[in-house]
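Notes follow the structure.
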Amino acid sequence: MFVARMAALVAAALSVASVADAKTLRWASQGDALTLDPHAQNEGPTSAMNAHVYEALISRDPSLSKVPGLALSWKPIASEVWEFKLRPDVKFSDGTPFTADDVVFSYQRAVAPTSDFRSYISSVKEVKAIDPLTVHIVTNGPNPILPDYTTSILIMSKAWAEKHNVAKPQSYKDKEETFAVRNAMGTGPYMVKQRDPDVRTVLVKNPTYWGAKEFPNYPDELVYTPVKEPATRVAALISGQVDFVLDAPLQDIARIKQTPGLKTEETAQVRSIFLGLDVGSKELKYSDVKGKNPFADKRVRQAMYQAIDIAAIKAKVMRNFAAPAGLITSPGVHGYTKELDQRPKYDVAAAKKLMAEAGYPNGFSVTLDCPNDRYNNDEQICQAVTAMLAQIGIKVDLQARSKTLHFPKLQKSDSSMYLLGWGVPTLDSHYVFTFLYQTNNAAKKVGGWNFTGYSNPRLDELADGMLKEVDQAKRDKMVAEAWQIAVLDIPYLPLHHQLIVWSMSDKVTIPIFANDSPNFKYATIK
Amino acid sequence: MLAFIVSRLLQSLAVMLAVSFLCFVLFNFVGDPVNNMVGQEASPAERAEMRRDLGLEDSVVVQFARFLGNAATGNFGKSYRLARPVSDLIVERMPATLELVLVAAVLALAMGIPLGVLTALRRRSIDSTAIMTFSLAGVAMPTFVIGILLIYIFSVECKSWAPAIGLPADWCFPSFGRGTTVQVGGWSSGLLTAAGLKAIVLPAFTLSLFQMTLVLRLVRSQMLEVLRTDYIKFARARGLTDRAVHFRHALKNTLLPVITVIGIQVGGLIAFSIITETVFQWPGMGQLFIQSVQFADIPVMAAYLVMVSLLFVTINFFVDLLYAAIDPRLRLDRAQLGTAGG
């Protein structure tokens with residue numbers, strides 16, 4: 001009895017001590033994670049939150065290079081088999097050991113019909129546990145970039161999932177909420193203490209985390225509050241109610257920089273903004289040109305490209321938080337080169353000449369579809385482009401809409417000209433070619449976001465080849481050739497790469513991630 | 001009386017049906033939730049399949065009938081955004097909104113009535129003119145501007161001016177959220193903790209400002225009218241004190257219309273709270289609704305709109321009953337004609 005009471009007292013004293021020392025980092029951004037289920041939603045904020053609790057076989061460090069996560073090493077052992085050696089002595093936060101069975105289970109879960117990550121591992125034929133610390137992933141045909149895809153597949157505990165009846169990702173068809181929507185249990189640096197969707201999410205240090213030695217100083221507690229209104233978010237940072245804001249509005253960055261005690265970090269984001277042109281139709285749906293398609297003429301596309309004063313957009317619309325682009329892919333993505341990422345000179349006279357040569361000396365009219373709540377200052381970019389194209393006689397009818405209307409319109413191929421942004425989660429150029437440049441083919445599942453009607457057999461061939469070629473040098477050559485074709489054909493007019501700016505108290509240090517997904521195990525707070 | 005109640009009930013039901021049908025017609029214009037629900041890698045076939053599964057391909061009438069059938073059994077479906085039952089979400093968010101509305105209504109009355117009386121009694125004084133000018137701002141300024149302004153003054157800039165006038169730096173108000181809440185049964189209350197009370201001040205003031213100025217102006221004009229009546233002249237002639245004349249005789253008679261208006265305005269406060277909640281990141285139903293609109297989360301939007309219209313219909317129903325109780329002539333006329341307003 002006495003012993004028990006003493007033990008309780010000591011425990012209480014210890015817990016008080018640890019509370020006093022606990023370092024809490026409070027952060028905010030616009031939108032909350034949609035769910036804690038690691039396979040139900042392939043969406044930025046959701047994945048960013050879940051990656052603190054769950055881990056993948058391979059992680060990304062702040063430079064976005066692949067580093068060992070739950071797997072210590074990986075290599076191809078046959079043309080269609082990748083071998084992953086798992087990290088020993090890893091425990092889930094409930095104390096149960098992590099083994100190859102959990103990997104097999106999680107991959108099965110990630111290809112279930114209700115999973116939103118199916119397309120990432122659609123090339124996976126089978127995942128086999130060879131022994132408790134070895135996993136073989138067998139693919140349909142060789143897949144040189146499988147390791148890149150595994151960084152998105154988070155690993156769950158098989159026992160935990162089965163116990164709570166969440167062996168399959170949540171489905172919208174069910175009437176009830178599944179256990180995994182607001183509860184999570186993984187091997188990551190944090191575990192969930194409180195989850196109030198849209199209100200407050202509290203993560204605390206996972207005492208069983210394998211990386212405690214490698215990352216000794218990360219914050220003990222993360223308190224996340226979504227703050228929808230941008231001005232309120234900035235006010236919360238300046239008044240000291242949050243320590244870190246992921247997405248302060250660009251016009252407020254100068255103000256934040258001037259405020260004593262606050263600082264910002266910035267880097268180029270892996271997301272490029274561009275205009276898509278309907279080059280494939282016989283006649284533009286939304287234009288006064290009848291019987292032919294002006295965008296099918298490369299001279300017109302070239303003229304439009306040259307008539308866009310990207311320096312003005314950068315300075316006036318983006319407040320310098322953009323890098324002018326000549327490629328729809330950013331630095332950091334495999335296959336990107338500075339040489340190709342160049343724009344033709346801004347030259348209205350040359351553009352007018354091209355228009356005249358193409359037979360449109362007086363221009364034409366066309367409708368531009370633009371989102372107004374998706375990318376940084378998206379609607380303002382479209383307004384600037386509208387004014388610039390008027391200089392060469394193209395009368396643009398700007399239609400700005402919410403993303404809930406913009407994307408469905410594109411997916412029906414119901415647009416002659418549109419603004420779109422594209423990120424590359426795999427950090428490999430193939431992702432760009434297969435979604436944006438390959439001929440739209442539902443049966444082959446390629447070209448799903450190519451709404452331009454653009455089709456180049458050579459580029460199709462190269463993109464298919466990239467998926468299978470295991471010889472790195474040969475593959476790099478294919479990527480380079482494909483980019484050259486893209487730059488030459490210009491079915492899209494690249495605008496810029498977005499920059500991201502993280503704002504924080506100067507008590508916080510955190511390396512910035514170009515995928516805009518903070519990983520707080522790399523952070524410290526004073 | 002029974003016939004009157006039954007006819008009003010039927011009318012209310014018709015209004016509810018019309019409102020919810022209109023909602024469903026409008027949902028055709030908010031766009032497609034599917035794009036928000038699947039990653040960008042999902043194939044067009046997968047998107048189409050999901051749209052079919054959710055029943056979004058059906059006609060408005062079919063979708064509406066299905067919604068009614070489910071709603072009749074108390075099932076509003078599951079949120080597309082949060083994958084949780086809609087009724088749970090609304091019940092969780094309701095306390096935050098109701099507390100905000102309650103505090104705002106109390107503020108509006110506690111400040112609006114005395115100021116209204118003051119401005120009526122001292123019509124030409126400088127302070128009355130100042131108050132009336134200020135009330136003009138309250139009516140004219142949009143809620144989000146007032147909210148942002150208050151945040152700027154009382155939580156951002158406050159850090160520099162509060163110490164300068166001798167207040168502690170932690171005197172400043174929080175710029176967002178509910179502070180600390182405690183669970184009382186199923187109700188999460190922010191009114192029982194110091195941090196929670198502090199957090200409600202700015203949003204409640206923002207929300208109440210419009211109603212406050214409304215009450216102020218209403219009380220003032222009623223008061224001015226009453227002060228001109230014969231019975232006030234008579235009271236003065238009897239030699240009653242100013243105090244008795246103003247507060248016992250005049251104010252009492254002005255309050256009846258004020259209370260009626262406030263009753264109806266409570267519904268308005270709940271509707272207005274959407275903006276206040278967004279500015280202050282107040283985790284109530286209004287914010288839930290705004291987030292749902294941006295995601296095209298149709299089940300939540302439908303449930304919220306139906307709930308708010310139910311609230312308005314209920315309030316109007318009781319106001320009508322009250323009128324009928326007060327004025328027997330209405331009972332007969334309205335029941336026979338069936339043309340009650342509201």
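Order determines the names: the first chain of the structure tokens is A, the second B, and so forth; residues in each chain are numbered 1 upward, and ligands are numbered 1 upward as they are shown.
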| field | Who sits within 10 Å of stretch 325-340 of chain A, only C-alpha atoms, same chain under 4 positions skipped, as a PyMOL selection string | value | chain A and resi 63-65+268-274+305+310+344+421-433+436+475-480+482-484+486-487+490+492-498+514-515
| So which bits of stretch 119-354 of chain A end up helix (DSSP H, G or I) when you DSSP the backbone, as an MDAnalysis selection string? | chainID A and resid 119:121 146:150 158:163 179:181 210:212 230:238 250:258 294:296 298:307 310:317 348:354
| field | Residue contacts of stretch 275-279 of chain A (10 Å, only C-alpha atoms) excluding same-chain residues fewer than 2 positions away, as JSON, numbers by chain | value | {"A": [273, 281, 282, 283, 284, 285, 293, 294, 295, 296, 297, 298, 301, 305, 368, 369, 370, 382, 385, 413, 414, 415, 416, 417, 418, 419, 420, 421, 436, 450, 451, 452, 453, 454, 455, 490, 491, 492, 493, 494, 495]}
Expected file contents, prior selection, C-alpha atoms, as a PDB file, in the first residue's frame:
ATOM      1  CA  ILE A 273       1.581  27.323 -62.889  1.00  0.00           C
ATOM      2  CA  SER A 281     -10.055  20.292 -81.364  1.00  0.00           C
ATOM      3  CA  LYS A 282     -11.045  21.047 -84.968  1.00  0.00           C
ATOM      4  CA  GLU A 283     -12.720  24.227 -83.801  1.00  0.00           C
ATOM      5  CA  LEU A 284     -12.413  26.019 -80.454  1.00  0.00           C
ATOM      6  CA  LYS A 285     -15.543  25.692 -78.378  1.00  0.00           C
ATOM      7  CA  ASN A 293      -8.587  26.168 -84.376  1.00  0.00           C
ATOM      8  CA  PRO A 294      -6.110  29.044 -83.948  1.00  0.00           C
ATOM      9  CA  PHE A 295      -4.360  27.229 -81.083  1.00  0.00           C
ATOM     10  CA  ALA A 296      -3.512  24.358 -83.450  1.00  0.00           C
ATOM     11  CA  ASP A 297      -1.118  26.766 -85.157  1.00  0.00           C
ATOM     12  CA  LYS A 298       2.164  26.812 -83.269  1.00  0.00           C
ATOM     13  CA  ARG A 301       0.924  29.694 -79.260  1.00  0.00           C
ATOM     14  CA  TYR A 305       3.909  32.927 -75.012  1.00  0.00           C
ATOM     15  CA  LEU A 368     -10.057  31.676 -70.313  1.00  0.00           C
ATOM     16  CA  ASP A 369     -11.177  29.437 -67.429  1.00  0.00           C
ATOM     17  CA  CYS A 370      -9.453  30.218 -64.192  1.00  0.00           C
ATOM     18  CA  CYS A 382      -5.449  35.452 -65.202  1.00  0.00           C
ATOM     19  CA  VAL A 385      -2.681  37.594 -68.779  1.00  0.00           C
ATOM     20  CA  SER A 413     -12.696  18.816 -71.570  1.00  0.00           C
ATOM     21  CA  ASP A 414     -15.044  21.781 -71.649  1.00  0.00           C
ATOM     22  CA  SER A 415     -12.460  24.542 -71.951  1.00  0.00           C
ATOM     23  CA  SER A 416     -10.522  26.214 -74.764  1.00  0.00           C
ATOM     24  CA  MET A 417      -7.951  27.820 -72.512  1.00  0.00           C
ATOM     25  CA  TYR A 418      -7.371  27.329 -68.804  1.00  0.00           C
ATOM     26  CA  LEU A 419      -5.042  27.943 -65.892  1.00  0.00           C
ATOM     27  CA  LEU A 420      -3.681  24.956 -64.019  1.00  0.00           C
ATOM     28  CA  GLY A 421      -0.925  24.197 -61.530  1.00  0.00           C
ATOM     29  CA  LEU A 436      -0.111  16.240 -68.695  1.00  0.00           C
ATOM     30  CA  ASN A 450      -4.171  16.390 -70.546  1.00  0.00           C
ATOM     31  CA  PHE A 451      -7.201  18.465 -71.526  1.00  0.00           C
ATOM     32  CA  THR A 452      -5.463  20.074 -74.512  1.00  0.00           C
ATOM     33  CA  GLY A 453      -5.982  17.251 -76.986  1.00  0.00           C
ATOM     34  CA  TYR A 454      -2.208  17.355 -77.487  1.00  0.00           C
ATOM     35  CA  SER A 455      -0.819  14.110 -78.862  1.00  0.00           C
ATOM     36  CA  ILE A 490       4.352  24.275 -76.353  1.00  0.00           C
ATOM     37  CA  PRO A 491       0.848  22.855 -75.896  1.00  0.00           C
ATOM     38  CA  TYR A 492       1.095  24.592 -72.515  1.00  0.00           C
ATOM     39  CA  LEU A 493       2.412  28.070 -71.832  1.00  0.00           C
ATOM     40  CA  PRO A 494       4.448  27.856 -68.610  1.00  0.00           C
ATOM     41  CA  LEU A 495       4.096  30.878 -66.299  1.00  0.00           C
TER      42      LEU A 495
END
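Close contacts of A:Thr178, defined as residues with an atom at most 9 Å away when counting only C-alpha atoms, with chain neighbours fewer than 6 positions off set aside, comprise Asp37, His164, Asn165, Val166, Pro169, Gln170 and Ser171 of chain A; Ala83 and Arg84 of chain B.
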| request: Going by DSSP on the backbone, which bits of stretch 235-434 of chain A are strand (DSSP E)? Write them as an MDAnalysis selection string, please. | output: chainID A and resid 244:245 262:277 322:324 365:371 395:401 417:423
| message | Could you work out which residues of chain A fall inside 7 Å of chain B? Count only C-alpha atoms, and format the result as a ChimeraX atom specification. | response | /A:34-35,41-43,116,119,172,175-177,199,227-229,232,235-236,238-239,404-405,407-408,445,448
Output N, CA and C atoms for every residue in the selection just made, as a PDB file, in the first residue's frame.
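Saved result, result-v7.pdb, follows:
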ATOM      1  N   LEU A  34      -8.097  16.095 -43.601  1.00  0.00           N
ATOM      2  CA  LEU A  34      -9.477  15.639 -43.769  1.00  0.00           C
ATOM      3  C   LEU A  34      -9.750  14.402 -42.928  1.00  0.00           C
ATOM      4  N   THR A  35      -8.732  13.621 -42.682  1.00  0.00           N
ATOM      5  CA  THR A  35      -8.901  12.379 -41.947  1.00  0.00           C
ATOM      6  C   THR A  35      -7.538  11.946 -41.438  1.00  0.00           C
ATOM      7  N   GLN A  41      -7.157   9.610 -48.047  1.00  0.00           N
ATOM      8  CA  GLN A  41      -7.150  10.892 -48.736  1.00  0.00           C
ATOM      9  C   GLN A  41      -5.749  11.232 -49.190  1.00  0.00           C
ATOM     10  N   ASN A  42      -5.573  11.348 -50.495  1.00  0.00           N
ATOM     11  CA  ASN A  42      -4.280  11.754 -51.031  1.00  0.00           C
ATOM     12  C   ASN A  42      -4.329  13.260 -51.239  1.00  0.00           C
ATOM     13  N   GLU A  43      -4.132  13.984 -50.142  1.00  0.00           N
ATOM     14  CA  GLU A  43      -4.294  15.441 -50.188  1.00  0.00           C
ATOM     15  C   GLU A  43      -3.209  16.043 -49.308  1.00  0.00           C
ATOM     16  N   ASP A 116      -7.154   5.963 -51.624  1.00  0.00           N
ATOM     17  CA  ASP A 116      -6.905   7.054 -52.565  1.00  0.00           C
ATOM     18  C   ASP A 116      -5.459   7.002 -53.066  1.00  0.00           C
ATOM     19  N   SER A 119      -3.365   4.534 -57.307  1.00  0.00           N
ATOM     20  CA  SER A 119      -2.623   4.797 -58.538  1.00  0.00           C
ATOM     21  C   SER A 119      -1.111   4.870 -58.279  1.00  0.00           C
ATOM     22  N   TYR A 172     -16.888   6.504 -48.334  1.00  0.00           N
ATOM     23  CA  TYR A 172     -17.947   7.499 -48.213  1.00  0.00           C
ATOM     24  C   TYR A 172     -19.318   6.866 -48.257  1.00  0.00           C
ATOM     25  N   LYS A 175     -22.336   4.478 -43.629  1.00  0.00           N
ATOM     26  CA  LYS A 175     -23.068   5.487 -42.870  1.00  0.00           C
ATOM     27  C   LYS A 175     -22.242   5.949 -41.674  1.00  0.00           C
ATOM     28  N   GLU A 176     -21.411   5.079 -41.162  1.00  0.00           N
ATOM     29  CA  GLU A 176     -20.731   5.394 -39.911  1.00  0.00           C
ATOM     30  C   GLU A 176     -19.302   5.856 -40.155  1.00  0.00           C
ATOM     31  N   GLU A 177     -18.790   6.545 -39.159  1.00  0.00           N
ATOM     32  CA  GLU A 177     -17.400   6.957 -39.181  1.00  0.00           C
ATOM     33  C   GLU A 177     -16.546   5.777 -38.743  1.00  0.00           C
ATOM     34  N   VAL A 199     -10.892  22.095 -35.538  1.00  0.00           N
ATOM     35  CA  VAL A 199     -10.779  22.917 -34.342  1.00  0.00           C
ATOM     36  C   VAL A 199      -9.365  22.853 -33.772  1.00  0.00           C
ATOM     37  N   VAL A 227      -6.763  27.860 -39.271  1.00  0.00           N
ATOM     38  CA  VAL A 227      -7.344  29.201 -39.222  1.00  0.00           C
ATOM     39  C   VAL A 227      -7.618  29.606 -40.658  1.00  0.00           C
ATOM     40  N   LYS A 228      -8.886  29.618 -41.018  1.00  0.00           N
ATOM     41  CA  LYS A 228      -9.275  29.782 -42.405  1.00  0.00           C
ATOM     42  C   LYS A 228      -8.972  31.168 -42.955  1.00  0.00           C
ATOM     43  N   GLU A 229      -9.260  32.169 -42.161  1.00  0.00           N
ATOM     44  CA  GLU A 229      -9.157  33.547 -42.629  1.00  0.00           C
ATOM     45  C   GLU A 229      -7.688  33.980 -42.636  1.00  0.00           C
ATOM     46  N   THR A 232      -6.592  36.628 -40.064  1.00  0.00           N
ATOM     47  CA  THR A 232      -6.614  36.141 -38.688  1.00  0.00           C
ATOM     48  C   THR A 232      -5.374  35.290 -38.404  1.00  0.00           C
ATOM     49  N   ALA A 235      -2.574  37.623 -37.868  1.00  0.00           N
ATOM     50  CA  ALA A 235      -2.756  38.273 -36.568  1.00  0.00           C
ATOM     51  C   ALA A 235      -2.362  37.331 -35.439  1.00  0.00           C
ATOM     52  N   ALA A 236      -2.711  36.071 -35.577  1.00  0.00           N
ATOM     53  CA  ALA A 236      -2.387  35.093 -34.529  1.00  0.00           C
ATOM     54  C   ALA A 236      -0.877  34.933 -34.395  1.00  0.00           C
ATOM     55  N   ILE A 238       1.453  37.281 -35.269  1.00  0.00           N
ATOM     56  CA  ILE A 238       2.051  38.524 -34.773  1.00  0.00           C
ATOM     57  C   ILE A 238       1.734  38.707 -33.291  1.00  0.00           C
ATOM     58  N   SER A 239       0.535  38.313 -32.872  1.00  0.00           N
ATOM     59  CA  SER A 239       0.195  38.485 -31.461  1.00  0.00           C
ATOM     60  C   SER A 239       0.713  37.332 -30.609  1.00  0.00           C
ATOM     61  N   THR A 404     -14.176  23.985 -57.092  1.00  0.00           N
ATOM     62  CA  THR A 404     -15.185  22.928 -57.178  1.00  0.00           C
ATOM     63  C   THR A 404     -15.929  22.978 -58.502  1.00  0.00           C
ATOM     64  N   LEU A 405     -15.827  24.101 -59.216  1.00  0.00           N
ATOM     65  CA  LEU A 405     -16.441  24.191 -60.538  1.00  0.00           C
ATOM     66  C   LEU A 405     -15.398  24.125 -61.645  1.00  0.00           C
ATOM     67  N   PHE A 407     -12.310  22.528 -61.820  1.00  0.00           N
ATOM     68  CA  PHE A 407     -11.746  21.220 -62.171  1.00  0.00           C
ATOM     69  C   PHE A 407     -12.755  20.299 -62.876  1.00  0.00           C
ATOM     70  N   PRO A 408     -13.992  20.216 -62.387  1.00  0.00           N
ATOM     71  CA  PRO A 408     -14.950  19.377 -63.136  1.00  0.00           C
ATOM     72  C   PRO A 408     -15.136  19.849 -64.575  1.00  0.00           C
ATOM     73  N   LYS A 445      -4.952   4.471 -68.899  1.00  0.00           N
ATOM     74  CA  LYS A 445      -4.799   5.289 -67.694  1.00  0.00           C
ATOM     75  C   LYS A 445      -3.637   6.268 -67.813  1.00  0.00           C
ATOM     76  N   GLY A 448      -4.468  11.632 -68.072  1.00  0.00           N
ATOM     77  CA  GLY A 448      -5.706  11.939 -67.360  1.00  0.00           C
ATOM     78  C   GLY A 448      -5.935  13.430 -67.128  1.00  0.00           C
TER      79      GLY A 448
END
| query | Hey, which of B:Ala120, B:Leu136, B:Ala302, B:Leu13 ends up closest to B:Leu227? Count only C-alpha atoms. | reply |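 Of B:Ala120, B:Leu136, B:Ala302, B:Leu13, the one nearest B:Leu227, counting only C-alpha atoms, is B:Ala120.
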| field | Distance criterion (only C-alpha atoms): nearest to B:Tyr323 out of B:Pro168, B:Gly74, B:Pro95, B:Pro257 | value |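 With only C-alpha atoms as the atom set, the closest residue is B:Pro257.
Using only C-alpha atoms, the smallest distance between any of B:Ile90, B:Val103, B:Val219, B:Val25 and B:Met285 comes from B:Ile90.
Residues lying within 7 Å of stretch 353-366 of chain A, counting only C-alpha atoms and ignoring same-chain neighbours fewer than 2 positions away, are Tyr286, Ser287, Asp288, Val289, Arg299, Val300, Ala303, Ala349, Ala350, Ala351, Leu368, Ile392, Gly393, Ile394, Lys395, Val396 and Asp397 of chain A.
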Prev. selection, C-alpha atoms, output as a PDB file, in the first residue's frame:
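Just written: selection.pdb:
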ATOM      1  CA  TYR A 286     -15.277  29.160 -76.866  1.00  0.00           C
ATOM      2  CA  SER A 287     -13.979  31.455 -79.594  1.00  0.00           C
ATOM      3  CA  ASP A 288     -15.198  33.615 -82.479  1.00  0.00           C
ATOM      4  CA  VAL A 289     -12.980  31.739 -84.940  1.00  0.00           C
ATOM      5  CA  ARG A 299       2.820  30.423 -84.329  1.00  0.00           C
ATOM      6  CA  VAL A 300      -0.220  31.553 -82.361  1.00  0.00           C
ATOM      7  CA  ALA A 303       2.954  34.637 -80.055  1.00  0.00           C
ATOM      8  CA  ALA A 349       6.272  43.299 -81.726  1.00  0.00           C
ATOM      9  CA  ALA A 350       7.539  39.803 -82.557  1.00  0.00           C
ATOM     10  CA  ALA A 351       4.332  38.341 -81.180  1.00  0.00           C
ATOM     11  CA  LEU A 368     -10.057  31.676 -70.313  1.00  0.00           C
ATOM     12  CA  ILE A 392      -1.746  41.267 -79.626  1.00  0.00           C
ATOM     13  CA  GLY A 393      -5.447  41.433 -80.370  1.00  0.00           C
ATOM     14  CA  ILE A 394      -6.583  38.354 -78.463  1.00  0.00           C
ATOM     15  CA  LYS A 395      -9.740  39.324 -76.638  1.00  0.00           C
ATOM     16  CA  VAL A 396      -9.858  37.093 -73.584  1.00  0.00           C
ATOM     17  CA  ASP A 397     -13.151  36.559 -71.795  1.00  0.00           C
TER      18      ASP A 397
END
